[in-house]
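File shown here: coords_6.cif, holding mmCIF, C-alpha atoms.
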data_data
#
loop_
_atom_site.label_atom_id
_atom_site.label_comp_id
_atom_site.auth_asym_id
_atom_site.auth_seq_id
_atom_site.Cartn_x
_atom_site.Cartn_y
_atom_site.Cartn_z
CA MET O 22 18.70 -0.11 16.08
CA THR O 23 19.67 3.56 16.21
CA VAL O 24 19.13 6.83 14.43
CA SER O 25 21.47 7.23 11.49
CA GLY O 26 22.60 10.45 9.94
CA CYS O 27 25.43 12.35 8.37
CA GLN O 28 27.49 15.02 10.11
CA ASN O 29 26.34 18.60 9.64
CA GLU O 30 23.18 17.54 7.82
CA PRO O 31 20.22 19.99 7.91
CA ASP O 32 17.51 19.47 10.53
CA ALA O 33 13.90 18.61 9.72
CA ALA O 34 12.78 22.23 9.36
CA ALA O 35 15.66 23.00 6.99
CA TRP O 36 14.85 19.96 4.88
CA LEU O 37 11.24 21.10 4.50
CA LYS O 38 12.49 24.37 3.05
CA ILE O 39 15.07 22.65 0.81
CA LEU O 40 12.52 20.21 -0.60
CA SER O 41 9.61 22.64 -0.95
CA LYS O 42 10.42 23.46 -4.58
CA TYR O 43 10.03 19.77 -5.50
CA ARG O 44 6.54 19.43 -4.01
CA THR O 45 4.47 20.94 -6.83
CA PRO O 46 3.82 18.41 -9.62
CA SER O 47 3.50 19.23 -13.29
CA PRO O 48 0.13 17.87 -14.58
CA ARG O 49 1.56 17.59 -18.07
CA ARG O 50 4.53 15.57 -16.85
CA SER O 51 2.26 13.42 -14.67
CA ALA O 52 -0.02 12.64 -17.63
CA PHE O 53 3.05 11.78 -19.71
CA GLU O 54 4.39 9.43 -17.02
CA LEU O 55 1.02 7.71 -16.73
CA ALA O 56 0.82 7.22 -20.51
CA VAL O 57 4.37 5.90 -20.92
CA THR O 58 3.67 3.37 -18.17
CA ALA O 59 0.13 2.18 -18.94
CA ILE O 60 0.61 1.88 -22.72
CA PRO O 61 3.79 -0.26 -22.56
CA PHE O 62 2.17 -2.45 -19.89
CA ALA O 63 -0.82 -3.11 -22.15
CA ALA O 64 1.48 -3.66 -25.15
CA PHE O 65 3.66 -6.22 -23.37
CA TRP O 66 0.55 -7.99 -22.06
CA VAL O 67 -0.89 -8.28 -25.57
CA LEU O 68 2.45 -9.32 -27.09
CA THR O 69 2.77 -12.05 -24.48
CA TRP O 70 -0.69 -13.32 -25.38
CA VAL O 71 0.17 -13.28 -29.11
CA ALA O 72 3.30 -15.32 -28.39
CA VAL O 73 1.35 -17.86 -26.33
CA HIS O 74 -1.48 -18.00 -28.85
CA TYR O 75 0.87 -18.88 -31.70
CA GLY O 76 2.95 -21.30 -29.64
CA PHE O 77 6.07 -19.14 -29.26
CA TRP O 78 6.54 -20.10 -25.62
CA TYR O 79 9.78 -18.19 -25.29
CA GLY O 80 7.57 -15.11 -25.61
CA LEU O 81 6.58 -15.65 -21.99
CA ILE O 82 9.79 -13.80 -21.10
CA LEU O 83 7.78 -10.67 -21.90
CA VAL O 84 6.00 -11.07 -18.57
CA VAL O 85 9.16 -9.62 -17.00
CA PRO O 86 8.94 -6.14 -18.60
CA ALA O 87 5.16 -6.28 -18.20
CA ALA O 88 5.66 -6.85 -14.46
CA ALA O 89 8.08 -3.92 -14.31
CA PHE O 90 5.50 -1.59 -15.85
CA LEU O 91 2.78 -2.95 -13.54
CA LEU O 92 5.06 -2.17 -10.60
CA ARG O 93 5.48 1.36 -11.93
CA LEU O 94 1.70 1.69 -12.18
CA PHE O 95 1.57 0.81 -8.49
CA MET O 96 4.13 3.56 -7.82
CA ILE O 97 1.82 6.01 -9.58
CA GLN O 98 -1.08 4.66 -7.51
CA HIS O 99 1.06 5.28 -4.43
CA ASP O 100 1.63 8.91 -5.43
CA CYS O 101 -2.10 9.30 -6.10
CA GLY O 102 -2.72 8.03 -2.57
CA HIS O 103 -0.58 10.86 -1.24
CA GLY O 104 -2.45 13.34 -3.44
CA SER O 105 0.82 14.27 -5.09
CA PHE O 106 0.59 12.92 -8.64
CA PHE O 107 -1.70 15.54 -10.18
CA ALA O 108 -2.15 17.50 -6.90
CA ASN O 109 -5.90 17.28 -7.49
CA ARG O 110 -7.43 15.12 -4.77
CA ARG O 111 -10.50 14.01 -6.73
CA PHE O 112 -8.55 13.31 -9.92
CA ASP O 113 -5.76 11.52 -8.05
CA ASP O 114 -8.31 9.37 -6.22
CA TRP O 115 -10.06 8.19 -9.36
CA ILE O 116 -6.81 7.49 -11.19
CA GLY O 117 -5.71 5.53 -8.11
CA ARG O 118 -8.96 3.55 -8.01
CA ILE O 119 -8.61 2.55 -11.66
CA LEU O 120 -4.98 1.57 -11.18
CA GLY O 121 -5.98 -0.38 -8.07
CA ILE O 122 -7.92 -2.77 -10.29
CA LEU O 123 -4.79 -3.50 -12.33
CA THR O 124 -2.57 -3.84 -9.26
CA LEU O 125 -5.12 -5.92 -7.30
CA THR O 126 -4.87 -3.31 -4.53
CA PRO O 127 -8.12 -1.63 -3.41
CA TYR O 128 -7.17 2.02 -3.52
CA ASP O 129 -9.11 3.58 -0.64
CA TYR O 130 -8.35 0.64 1.66
CA TRP O 131 -4.65 0.78 0.83
CA ARG O 132 -4.49 4.59 1.07
CA ARG O 133 -5.88 4.52 4.61
CA ALA O 134 -3.51 1.75 5.73
CA HIS O 135 -0.54 3.46 4.07
CA ALA O 136 -1.34 6.79 5.73
CA GLU O 137 -1.36 5.05 9.12
CA HIS O 138 1.97 3.46 8.23
CA HIS O 139 3.54 6.84 7.45
CA ALA O 140 2.12 8.37 10.61
CA SER O 141 3.73 5.67 12.77
CA ALA O 142 6.82 4.47 10.86
CA GLY O 143 9.63 3.67 13.26
CA ASN O 144 7.32 3.91 16.29
CA LEU O 145 7.69 0.76 18.40
CA ASN O 146 4.36 1.51 20.09
CA GLU O 147 2.36 1.56 16.87
CA ARG O 148 3.45 -1.31 14.64
CA GLY O 149 1.28 -3.56 12.51
CA ILE O 150 -0.46 -1.37 9.91
CA GLY O 151 1.01 -1.35 6.42
CA ASP O 152 4.47 -2.55 7.45
CA ILE O 153 6.69 -5.61 7.67
CA THR O 154 6.41 -7.23 11.09
CA THR O 155 9.58 -6.30 12.99
CA LEU O 156 10.56 -7.36 16.51
CA THR O 157 13.19 -5.90 18.80
CA VAL O 158 15.88 -8.25 20.08
CA SER O 159 14.21 -8.50 23.49
CA GLU O 160 10.81 -9.20 21.91
CA TYR O 161 12.36 -11.90 19.75
CA TYR O 162 13.99 -13.70 22.68
CA ALA O 163 10.80 -13.37 24.73
CA ARG O 164 9.04 -15.60 22.24
CA SER O 165 8.88 -19.36 22.53
CA LYS O 166 11.17 -21.54 20.44
CA TRP O 167 8.42 -22.06 17.85
CA GLY O 168 7.55 -18.37 17.96
CA ARG O 169 11.15 -17.50 17.07
CA ILE O 170 11.16 -20.12 14.31
CA GLY O 171 7.91 -18.71 12.94
CA TYR O 172 9.32 -15.18 12.93
CA ARG O 173 12.47 -16.29 11.11
CA LEU O 174 10.40 -18.20 8.56
CA TYR O 175 8.16 -15.18 8.04
CA ARG O 176 11.20 -13.05 7.24
CA HIS O 177 12.92 -15.66 5.07
CA PRO O 178 13.26 -14.38 1.46
CA LEU O 179 11.47 -17.41 -0.01
CA VAL O 180 8.48 -16.78 2.24
CA MET O 181 8.43 -12.99 2.13
CA PHE O 182 9.05 -12.59 -1.60
CA GLY O 183 7.63 -15.92 -2.77
CA ILE O 184 4.57 -16.74 -0.67
CA GLY O 185 4.14 -13.11 0.39
CA PRO O 186 2.86 -11.76 -2.95
CA VAL O 187 0.44 -14.68 -3.31
CA TRP O 188 -1.03 -14.08 0.15
CA LEU O 189 -1.10 -10.29 -0.04
CA PHE O 190 -2.42 -9.67 -3.54
CA LEU O 191 -4.59 -12.72 -4.12
CA PHE O 192 -6.11 -13.13 -0.65
CA GLN O 193 -5.41 -10.50 2.03
CA GLN O 194 -6.35 -7.46 -0.03
CA ARG O 195 -9.65 -9.01 -1.11
CA LEU O 196 -11.06 -8.47 2.42
CA PRO O 197 -9.85 -5.49 4.53
CA VAL O 198 -10.40 -7.29 7.83
CA GLY O 199 -7.85 -5.21 9.70
CA MET O 200 -9.61 -1.93 8.84
CA LEU O 201 -12.96 -2.49 10.58
CA ARG O 202 -12.50 0.59 12.75
CA ALA O 203 -11.96 2.79 9.69
CA GLY O 204 -15.62 2.66 8.66
CA LEU O 205 -17.23 1.50 5.44
CA LEU O 206 -14.90 3.10 2.89
CA PRO O 207 -12.17 0.41 2.96
CA TRP O 208 -14.85 -2.27 2.56
CA VAL O 209 -16.57 -0.41 -0.28
CA SER O 210 -13.15 0.01 -1.91
CA ALA O 211 -12.28 -3.67 -1.59
CA MET O 212 -15.67 -4.97 -2.73
CA SER O 213 -15.89 -2.60 -5.71
CA THR O 214 -12.35 -3.51 -6.74
CA ASN O 215 -13.20 -7.21 -6.42
CA LEU O 216 -16.31 -6.72 -8.55
CA ALA O 217 -14.38 -4.86 -11.24
CA LEU O 218 -11.71 -7.56 -11.18
CA ALA O 219 -14.33 -10.28 -11.57
CA VAL O 220 -15.87 -8.53 -14.58
CA ILE O 221 -12.56 -7.83 -16.34
CA MET O 222 -11.15 -11.29 -15.63
CA SER O 223 -14.35 -12.93 -16.88
CA LEU O 224 -14.19 -10.95 -20.13
CA LEU O 225 -10.52 -11.77 -20.69
CA ILE O 226 -11.02 -15.44 -19.87
CA TRP O 227 -13.97 -15.52 -22.26
CA ALA O 228 -11.84 -13.86 -24.96
CA ILE O 229 -8.56 -15.78 -24.69
CA GLY O 230 -9.35 -18.76 -22.45
CA PRO O 231 -8.52 -19.46 -18.80
CA ALA O 232 -5.19 -21.19 -19.45
CA ALA O 233 -3.76 -18.30 -21.47
CA PHE O 234 -5.07 -15.69 -19.05
CA PHE O 235 -3.61 -17.24 -15.92
CA MET O 236 -0.38 -18.21 -17.71
CA ILE O 237 0.14 -14.56 -18.60
CA HIS O 238 -1.37 -12.48 -15.84
CA LEU O 239 -0.51 -14.49 -12.76
CA PRO O 240 3.28 -14.36 -13.31
CA ILE O 241 3.05 -10.64 -14.07
CA VAL O 242 1.19 -9.93 -10.83
CA LEU O 243 3.42 -12.13 -8.67
CA LEU O 244 6.69 -10.82 -10.14
CA ALA O 245 5.58 -7.22 -9.69
CA GLY O 246 4.32 -8.05 -6.20
CA ALA O 247 7.60 -9.68 -5.16
CA VAL O 248 9.66 -6.66 -6.21
CA GLY O 249 7.11 -4.31 -4.65
CA ILE O 250 7.31 -6.11 -1.30
CA TRP O 251 11.11 -5.98 -1.50
CA LEU O 252 10.98 -2.21 -2.07
CA PHE O 253 8.73 -1.74 0.96
CA TYR O 254 11.01 -4.01 2.95
CA VAL O 255 14.26 -2.19 2.22
CA GLN O 256 12.64 1.18 2.83
CA HIS O 257 12.78 0.64 6.60
CA GLN O 258 14.85 -2.52 7.11
CA PHE O 259 18.51 -1.54 7.09
CA GLU O 260 21.39 -1.06 9.49
CA GLU O 261 21.02 1.92 11.84
CA THR O 262 17.44 2.63 10.84
CA HIS O 263 15.26 4.56 13.28
CA TRP O 264 13.09 2.71 15.82
CA SER O 265 12.06 4.22 19.13
CA LYS O 266 9.21 4.66 21.58
CA LYS O 267 7.47 7.85 22.59
CA PRO O 268 8.40 10.42 23.75
CA GLU O 269 11.74 9.82 21.99
CA TRP O 270 9.91 9.01 18.74
CA GLN O 271 9.22 12.14 16.71
CA PHE O 272 7.69 12.06 13.26
CA PRO O 273 10.22 14.34 11.44
CA ASN O 274 13.23 12.37 12.72
CA ALA O 275 11.59 9.03 11.99
CA ALA O 276 10.73 10.16 8.46
CA LEU O 277 14.23 11.48 7.75
CA HIS O 278 16.30 8.76 9.41
CA GLY O 279 14.01 5.73 9.24
CA ALA O 280 13.77 5.37 5.46
CA SER O 281 16.54 4.18 3.16
CA HIS O 282 17.66 6.24 0.19
CA TYR O 283 20.24 6.27 -2.59
CA CYS O 284 22.85 9.00 -2.16
CA GLY O 285 22.88 11.45 -5.02
CA PHE O 286 19.29 10.78 -6.10
CA ARG O 287 17.47 13.94 -7.04
CA GLN O 288 14.02 14.47 -8.48
CA SER O 289 13.45 16.67 -11.46
CA PRO O 290 12.26 20.17 -10.39
CA ASP O 291 9.00 19.78 -12.34
CA ARG O 292 8.10 16.73 -10.26
#
With the file now loaded, output its structure as structure tokens.
Amino acid sequence: MTVSGCQNEPDAAAWLKILSKYRTPSPRRSAFELAVTAIPFAAFWVLTWVAVHYGFWYGLILVVPAAAFLLRLFMIQHDCGHGSFFANRRFDDWIGRILGILTLTPYDYWRRAHAEHHASAGNLNERGIGDITTLTVSEYYARSKWGRIGYRLYRHPLVMFGIGPVWLFLFQQRLPVGMLRAGLLPWVSAMSTNLALAVIMSLLIWAIGPAAFFMIHLPIVLLAGAVGIWLFYVQHQFEETHWSKKPEWQFPNAALHGASHYCGFRQSPDR
């Protein structure tokens, strides 16, 4: 794995200057984006329930657009975690915490893990927090036969994008075991999110019944989770991505060359 780049591209300092005009969000645009994501998600959820309630089983196809909007809510939660959605730390945090209930992702726990991921992305000395387990070739061959088989199974698409969402969203994120050193906040975040989930799920199950609830919500969560894991996977897993050890590893180079992108993509200036 090597550092990729284009000829004559600007260095890290130049990129900071080029991108600076895109760093200030528009609160009005942010509120609009939140509304046009949350409202359609709720609408598709309700329409799916109406279809199931009246026996129109083909209406379950609506879980697909509902999952897409749930994934977009997670993207907004992600931006809140970076303090970049409304650029108001307190407001971003509370929006993120509310969205974390919908996405089954405790906000403060995830924000801490994700910050550690960004601070160490591409660093071979600091893997394991908020990333997909990745071995070098020498590390892979140093494993036993069953260790290599286990690694290949872990990275198989059926496991990563099939079993992965079930494990991550239904089990792993309910208890932030890996964040013990980070203090109480990740645990408070996880437990409060779990409590809110229990209350909301109980009310919905009481209102529409357990069969309808799980028939609707579980596919939405798992579809959104599978695509979300794929997006996190392809962000750093591609040919010629950046992996190195210190002192060669430097944050600006890892950030610029260790994340995938689509050529020609450009954000709107008001975002």
List the spatial neighbours of Gly117 of chain O as a list in words - criterion: any atom at most 7 Å away, only C-alpha atoms, same-chain residues fewer than 3 positions off excluded.
Gln98, Cys101, Gly102, Asp113, Asp114, Leu120, Gly121 and Tyr128 of chain O
Tell me, as an MDAnalysis selection string, which residues lie within 10 Å of segment 104-109 of chain O, counting all atoms listed in the file; anything in the same chain fewer than 4 positions away does not count.
chainID O and resid 44:52 54:55 97:100 113:114 116:117 292
Apply the PyMOL selection byres ((chain O and resi 156) around 12) to the file shown and report the selected residues as a PDB file with C-alpha atoms, keeping the file's coordinate frame.
ATOM      1  CA  MET O  22      18.700  -0.110  16.080  1.00  0.00           C
ATOM      2  CA  GLY O 143       9.630   3.670  13.260  1.00  0.00           C
ATOM      3  CA  ASN O 144       7.320   3.910  16.290  1.00  0.00           C
ATOM      4  CA  LEU O 145       7.690   0.760  18.400  1.00  0.00           C
ATOM      5  CA  ASN O 146       4.360   1.510  20.090  1.00  0.00           C
ATOM      6  CA  ARG O 148       3.450  -1.310  14.640  1.00  0.00           C
ATOM      7  CA  GLY O 149       1.280  -3.560  12.510  1.00  0.00           C
ATOM      8  CA  ASP O 152       4.470  -2.550   7.450  1.00  0.00           C
ATOM      9  CA  ILE O 153       6.690  -5.610   7.670  1.00  0.00           C
ATOM     10  CA  THR O 154       6.410  -7.230  11.090  1.00  0.00           C
ATOM     11  CA  THR O 155       9.580  -6.300  12.990  1.00  0.00           C
ATOM     12  CA  THR O 157      13.190  -5.900  18.800  1.00  0.00           C
ATOM     13  CA  VAL O 158      15.880  -8.250  20.080  1.00  0.00           C
ATOM     14  CA  SER O 159      14.210  -8.500  23.490  1.00  0.00           C
ATOM     15  CA  GLU O 160      10.810  -9.200  21.910  1.00  0.00           C
ATOM     16  CA  TYR O 161      12.360 -11.900  19.750  1.00  0.00           C
ATOM     17  CA  TYR O 162      13.990 -13.700  22.680  1.00  0.00           C
ATOM     18  CA  ALA O 163      10.800 -13.370  24.730  1.00  0.00           C
ATOM     19  CA  ARG O 164       9.040 -15.600  22.240  1.00  0.00           C
ATOM     20  CA  GLY O 168       7.550 -18.370  17.960  1.00  0.00           C
ATOM     21  CA  ARG O 169      11.150 -17.500  17.070  1.00  0.00           C
ATOM     22  CA  TYR O 172       9.320 -15.180  12.930  1.00  0.00           C
ATOM     23  CA  ARG O 173      12.470 -16.290  11.110  1.00  0.00           C
ATOM     24  CA  TYR O 175       8.160 -15.180   8.040  1.00  0.00           C
ATOM     25  CA  ARG O 176      11.200 -13.050   7.240  1.00  0.00           C
ATOM     26  CA  GLN O 258      14.850  -2.520   7.110  1.00  0.00           C
ATOM     27  CA  TRP O 264      13.090   2.710  15.820  1.00  0.00           C
ATOM     28  CA  SER O 265      12.060   4.220  19.130  1.00  0.00           C
TER      29      SER O 265
END
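Interatomic distance, atom CA of Pro273 of chain O to atom CA of Phe95 of chain O: 25.6 Å.
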Nearby residues (all atoms listed in the file) at most 10 Å from segment 77-85 of chain O, same-chain spacing under 6 positions excluded, as a PyMOL selection string:
chain O and resi 62+64-71+91+236-242+244-245
Spatial neighbours of segment 214-230 of chain O, max dist 7 Å, all atoms listed in the file, sep filter under 4 positions, as a ChimeraX atom specification:
/O:122,127,195,210,234
Coordinates-based distance that separates atom CA of Ala89 of chain O from atom CA of Gly246 of chain O (Å, one decimal)
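Between atom CA of Gly246 of chain O and atom CA of Ala89 of chain O the gap works out to 9.8 Å.
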Nearest to Leu94 of chain O among O:Trp188, O:Ser213, O:Gly249, O:Ala233, with distances taken over all atoms listed in the file: which residue is it?
O:Gly249
Suppose you want the space between atom CA of His263 of chain O and atom CA of Ala134 of chain O; what is it in Å?
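Pair atom CA of His263 of chain O / atom CA of Ala134 of chain O returns 20.4 Å.
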Box along x, y and z, 4 Å on every side, all listed atoms of segment 125-143 of chain O inside: centre and edge lengths in Å to one decimal, as lines of an AutoDock Vina configuration file.
center_x = 0.3
center_y = 1.2
center_z = 3.0
size_x = 26.7
size_y = 22.3
size_z = 28.6
With distances taken over all atoms listed in the file, which residue among O:Leu243, O:Val57, O:Leu123, O:Ala87 lies nearest Val187 of chain O?
O:Leu243
Hey, which of O:Ala59, O:Ala35, O:Met181, O:Ile170 ends up closest to Leu252 of chain O? Count all atoms listed in the file.
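Looking at the shortest contact to Leu252 of chain O, the residue is O:Met181.
When all atoms listed in the file are used to measure the gap to Leu191 of chain O, the shortest distance among O:Thr124, O:Lys38, O:Ile119, O:Gly171 belongs to O:Thr124.
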Excluding Met200 of chain O and its own-chain neighbours fewer than 5 positions away, which residues fall within 9 Å of it when counting all atoms listed in the file? Please give them as a list in words.
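Using all atoms listed in the file, the neighbours found are Tyr130, Arg133, Ala134, Pro207 and Trp208 of chain O.
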Taking (5.7, 8.6, 19.5) as a centre in this file's frame and 10 Å as the limit, can you find every polymer residue with an atom that close, using all atoms listed in the file, and give them as a PDB file with C-alpha atoms, keeping the file's coordinate frame?
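The result, written out as part-v1.pdb:
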ATOM      1  CA  ALA O 140       2.120   8.370  10.610  1.00  0.00           C
ATOM      2  CA  SER O 141       3.730   5.670  12.770  1.00  0.00           C
ATOM      3  CA  ALA O 142       6.820   4.470  10.860  1.00  0.00           C
ATOM      4  CA  GLY O 143       9.630   3.670  13.260  1.00  0.00           C
ATOM      5  CA  ASN O 144       7.320   3.910  16.290  1.00  0.00           C
ATOM      6  CA  LEU O 145       7.690   0.760  18.400  1.00  0.00           C
ATOM      7  CA  ASN O 146       4.360   1.510  20.090  1.00  0.00           C
ATOM      8  CA  GLU O 147       2.360   1.560  16.870  1.00  0.00           C
ATOM      9  CA  SER O 265      12.060   4.220  19.130  1.00  0.00           C
ATOM     10  CA  LYS O 266       9.210   4.660  21.580  1.00  0.00           C
ATOM     11  CA  LYS O 267       7.470   7.850  22.590  1.00  0.00           C
ATOM     12  CA  PRO O 268       8.400  10.420  23.750  1.00  0.00           C
ATOM     13  CA  GLU O 269      11.740   9.820  21.990  1.00  0.00           C
ATOM     14  CA  TRP O 270       9.910   9.010  18.740  1.00  0.00           C
ATOM     15  CA  GLN O 271       9.220  12.140  16.710  1.00  0.00           C
ATOM     16  CA  PHE O 272       7.690  12.060  13.260  1.00  0.00           C
ATOM     17  CA  ALA O 275      11.590   9.030  11.990  1.00  0.00           C
TER      18      ALA O 275
END
So which one's closest to Thr262 of chain O, O:Ala280, O:Ala211, O:Ile184, O:Leu206? Using all atoms listed in the file, please.
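The closest residue to Thr262 of chain O is O:Ala280.
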Pick out the closest residue to Gln194 of chain O from this set: O:Phe259, O:Trp115, O:Met212, O:Phe235. Count only C-alpha atoms.
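For Gln194 of chain O, the nearest of the given residues is O:Met212.
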Starting from the sparse input, extend segment 80-100 of chain O to N, CA, C and O atoms and give the output as an mmCIF file, keeping the file's coordinate frame.
data_model
loop_
_atom_site.group_PDB
_atom_site.id
_atom_site.type_symbol
_atom_site.label_atom_id
_atom_site.label_comp_id
_atom_site.auth_asym_id
_atom_site.auth_seq_id
_atom_site.Cartn_x
_atom_site.Cartn_y
_atom_site.Cartn_z
ATOM 1 N N GLY O 80 8.146 -16.446 -25.746
ATOM 2 C CA GLY O 80 7.570 -15.110 -25.610
ATOM 3 C C GLY O 80 7.076 -14.826 -24.204
ATOM 4 O O GLY O 80 6.817 -13.667 -23.857
ATOM 5 N N LEU O 81 6.983 -15.879 -23.372
ATOM 6 C CA LEU O 81 6.580 -15.650 -21.990
ATOM 7 C C LEU O 81 7.590 -14.807 -21.214
ATOM 8 O O LEU O 81 7.271 -14.294 -20.141
ATOM 9 N N ILE O 82 8.802 -14.661 -21.762
ATOM 10 C CA ILE O 82 9.790 -13.800 -21.100
ATOM 11 C C ILE O 82 9.293 -12.362 -21.032
ATOM 12 O O ILE O 82 9.758 -11.566 -20.207
ATOM 13 N N LEU O 83 8.314 -12.034 -21.892
ATOM 14 C CA LEU O 83 7.780 -10.670 -21.900
ATOM 15 C C LEU O 83 6.983 -10.344 -20.640
ATOM 16 O O LEU O 83 6.647 -9.183 -20.407
ATOM 17 N N VAL O 84 6.677 -11.378 -19.831
ATOM 18 C CA VAL O 84 6.000 -11.070 -18.570
ATOM 19 C C VAL O 84 6.916 -10.260 -17.649
ATOM 20 O O VAL O 84 6.429 -9.559 -16.753
ATOM 21 N N VAL O 85 8.227 -10.350 -17.864
ATOM 22 C CA VAL O 85 9.160 -9.620 -17.000
ATOM 23 C C VAL O 85 9.031 -8.111 -17.205
ATOM 24 O O VAL O 85 8.813 -7.363 -16.232
ATOM 25 N N PRO O 86 9.158 -7.590 -18.446
ATOM 26 C CA PRO O 86 8.940 -6.140 -18.600
ATOM 27 C C PRO O 86 7.508 -5.724 -18.278
ATOM 28 O O PRO O 86 7.286 -4.611 -17.782
ATOM 29 N N ALA O 87 6.545 -6.609 -18.556
ATOM 30 C CA ALA O 87 5.160 -6.280 -18.200
ATOM 31 C C ALA O 87 5.029 -6.100 -16.695
ATOM 32 O O ALA O 87 4.351 -5.181 -16.213
ATOM 33 N N ALA O 88 5.686 -6.959 -15.925
ATOM 34 C CA ALA O 88 5.660 -6.850 -14.460
ATOM 35 C C ALA O 88 6.321 -5.557 -14.002
ATOM 36 O O ALA O 88 5.861 -4.917 -13.051
ATOM 37 N N ALA O 89 7.399 -5.159 -14.683
ATOM 38 C CA ALA O 89 8.080 -3.920 -14.310
ATOM 39 C C ALA O 89 7.162 -2.717 -14.516
ATOM 40 O O ALA O 89 7.114 -1.806 -13.671
ATOM 41 N N PHE O 90 6.418 -2.714 -15.610
ATOM 42 C CA PHE O 90 5.500 -1.590 -15.850
ATOM 43 C C PHE O 90 4.296 -1.653 -14.903
ATOM 44 O O PHE O 90 3.774 -0.608 -14.510
ATOM 45 N N LEU O 91 3.859 -2.855 -14.527
ATOM 46 C CA LEU O 91 2.780 -2.950 -13.540
ATOM 47 C C LEU O 91 3.254 -2.404 -12.191
ATOM 48 O O LEU O 91 2.501 -1.716 -11.493
ATOM 49 N N LEU O 92 4.495 -2.712 -11.834
ATOM 50 C CA LEU O 92 5.060 -2.170 -10.600
ATOM 51 C C LEU O 92 5.095 -0.642 -10.657
ATOM 52 O O LEU O 92 4.779 0.036 -9.673
ATOM 53 N N ARG O 93 5.436 -0.098 -11.799
ATOM 54 C CA ARG O 93 5.480 1.360 -11.930
ATOM 55 C C ARG O 93 4.070 1.959 -11.850
ATOM 56 O O ARG O 93 3.882 3.061 -11.335
ATOM 57 N N LEU O 94 3.069 1.230 -12.344
ATOM 58 C CA LEU O 94 1.700 1.690 -12.180
ATOM 59 C C LEU O 94 1.317 1.745 -10.705
ATOM 60 O O LEU O 94 0.595 2.646 -10.269
ATOM 61 N N PHE O 95 1.825 0.770 -9.931
ATOM 62 C CA PHE O 95 1.570 0.810 -8.490
ATOM 63 C C PHE O 95 2.259 2.024 -7.860
ATOM 64 O O PHE O 95 1.714 2.637 -6.939
ATOM 65 N N MET O 96 3.446 2.376 -8.341
ATOM 66 C CA MET O 96 4.130 3.560 -7.820
ATOM 67 C C MET O 96 3.305 4.816 -8.088
ATOM 68 O O MET O 96 3.218 5.719 -7.235
ATOM 69 N N ILE O 97 2.679 4.870 -9.263
ATOM 70 C CA ILE O 97 1.820 6.010 -9.580
ATOM 71 C C ILE O 97 0.590 5.986 -8.671
ATOM 72 O O ILE O 97 0.150 7.033 -8.167
ATOM 73 N N GLN O 98 0.039 4.783 -8.444
ATOM 74 C CA GLN O 98 -1.080 4.660 -7.510
ATOM 75 C C GLN O 98 -0.673 5.143 -6.114
ATOM 76 O O GLN O 98 -1.450 5.807 -5.421
ATOM 77 N N HIS O 99 0.536 4.818 -5.719
ATOM 78 C CA HIS O 99 1.060 5.280 -4.430
ATOM 79 C C HIS O 99 1.076 6.803 -4.363
ATOM 80 O O HIS O 99 0.640 7.401 -3.378
ATOM 81 N N ASP O 100 1.575 7.446 -5.420
ATOM 82 C CA ASP O 100 1.630 8.910 -5.430
ATOM 83 C C ASP O 100 0.222 9.512 -5.442
ATOM 84 O O ASP O 100 -0.009 10.556 -4.835
#
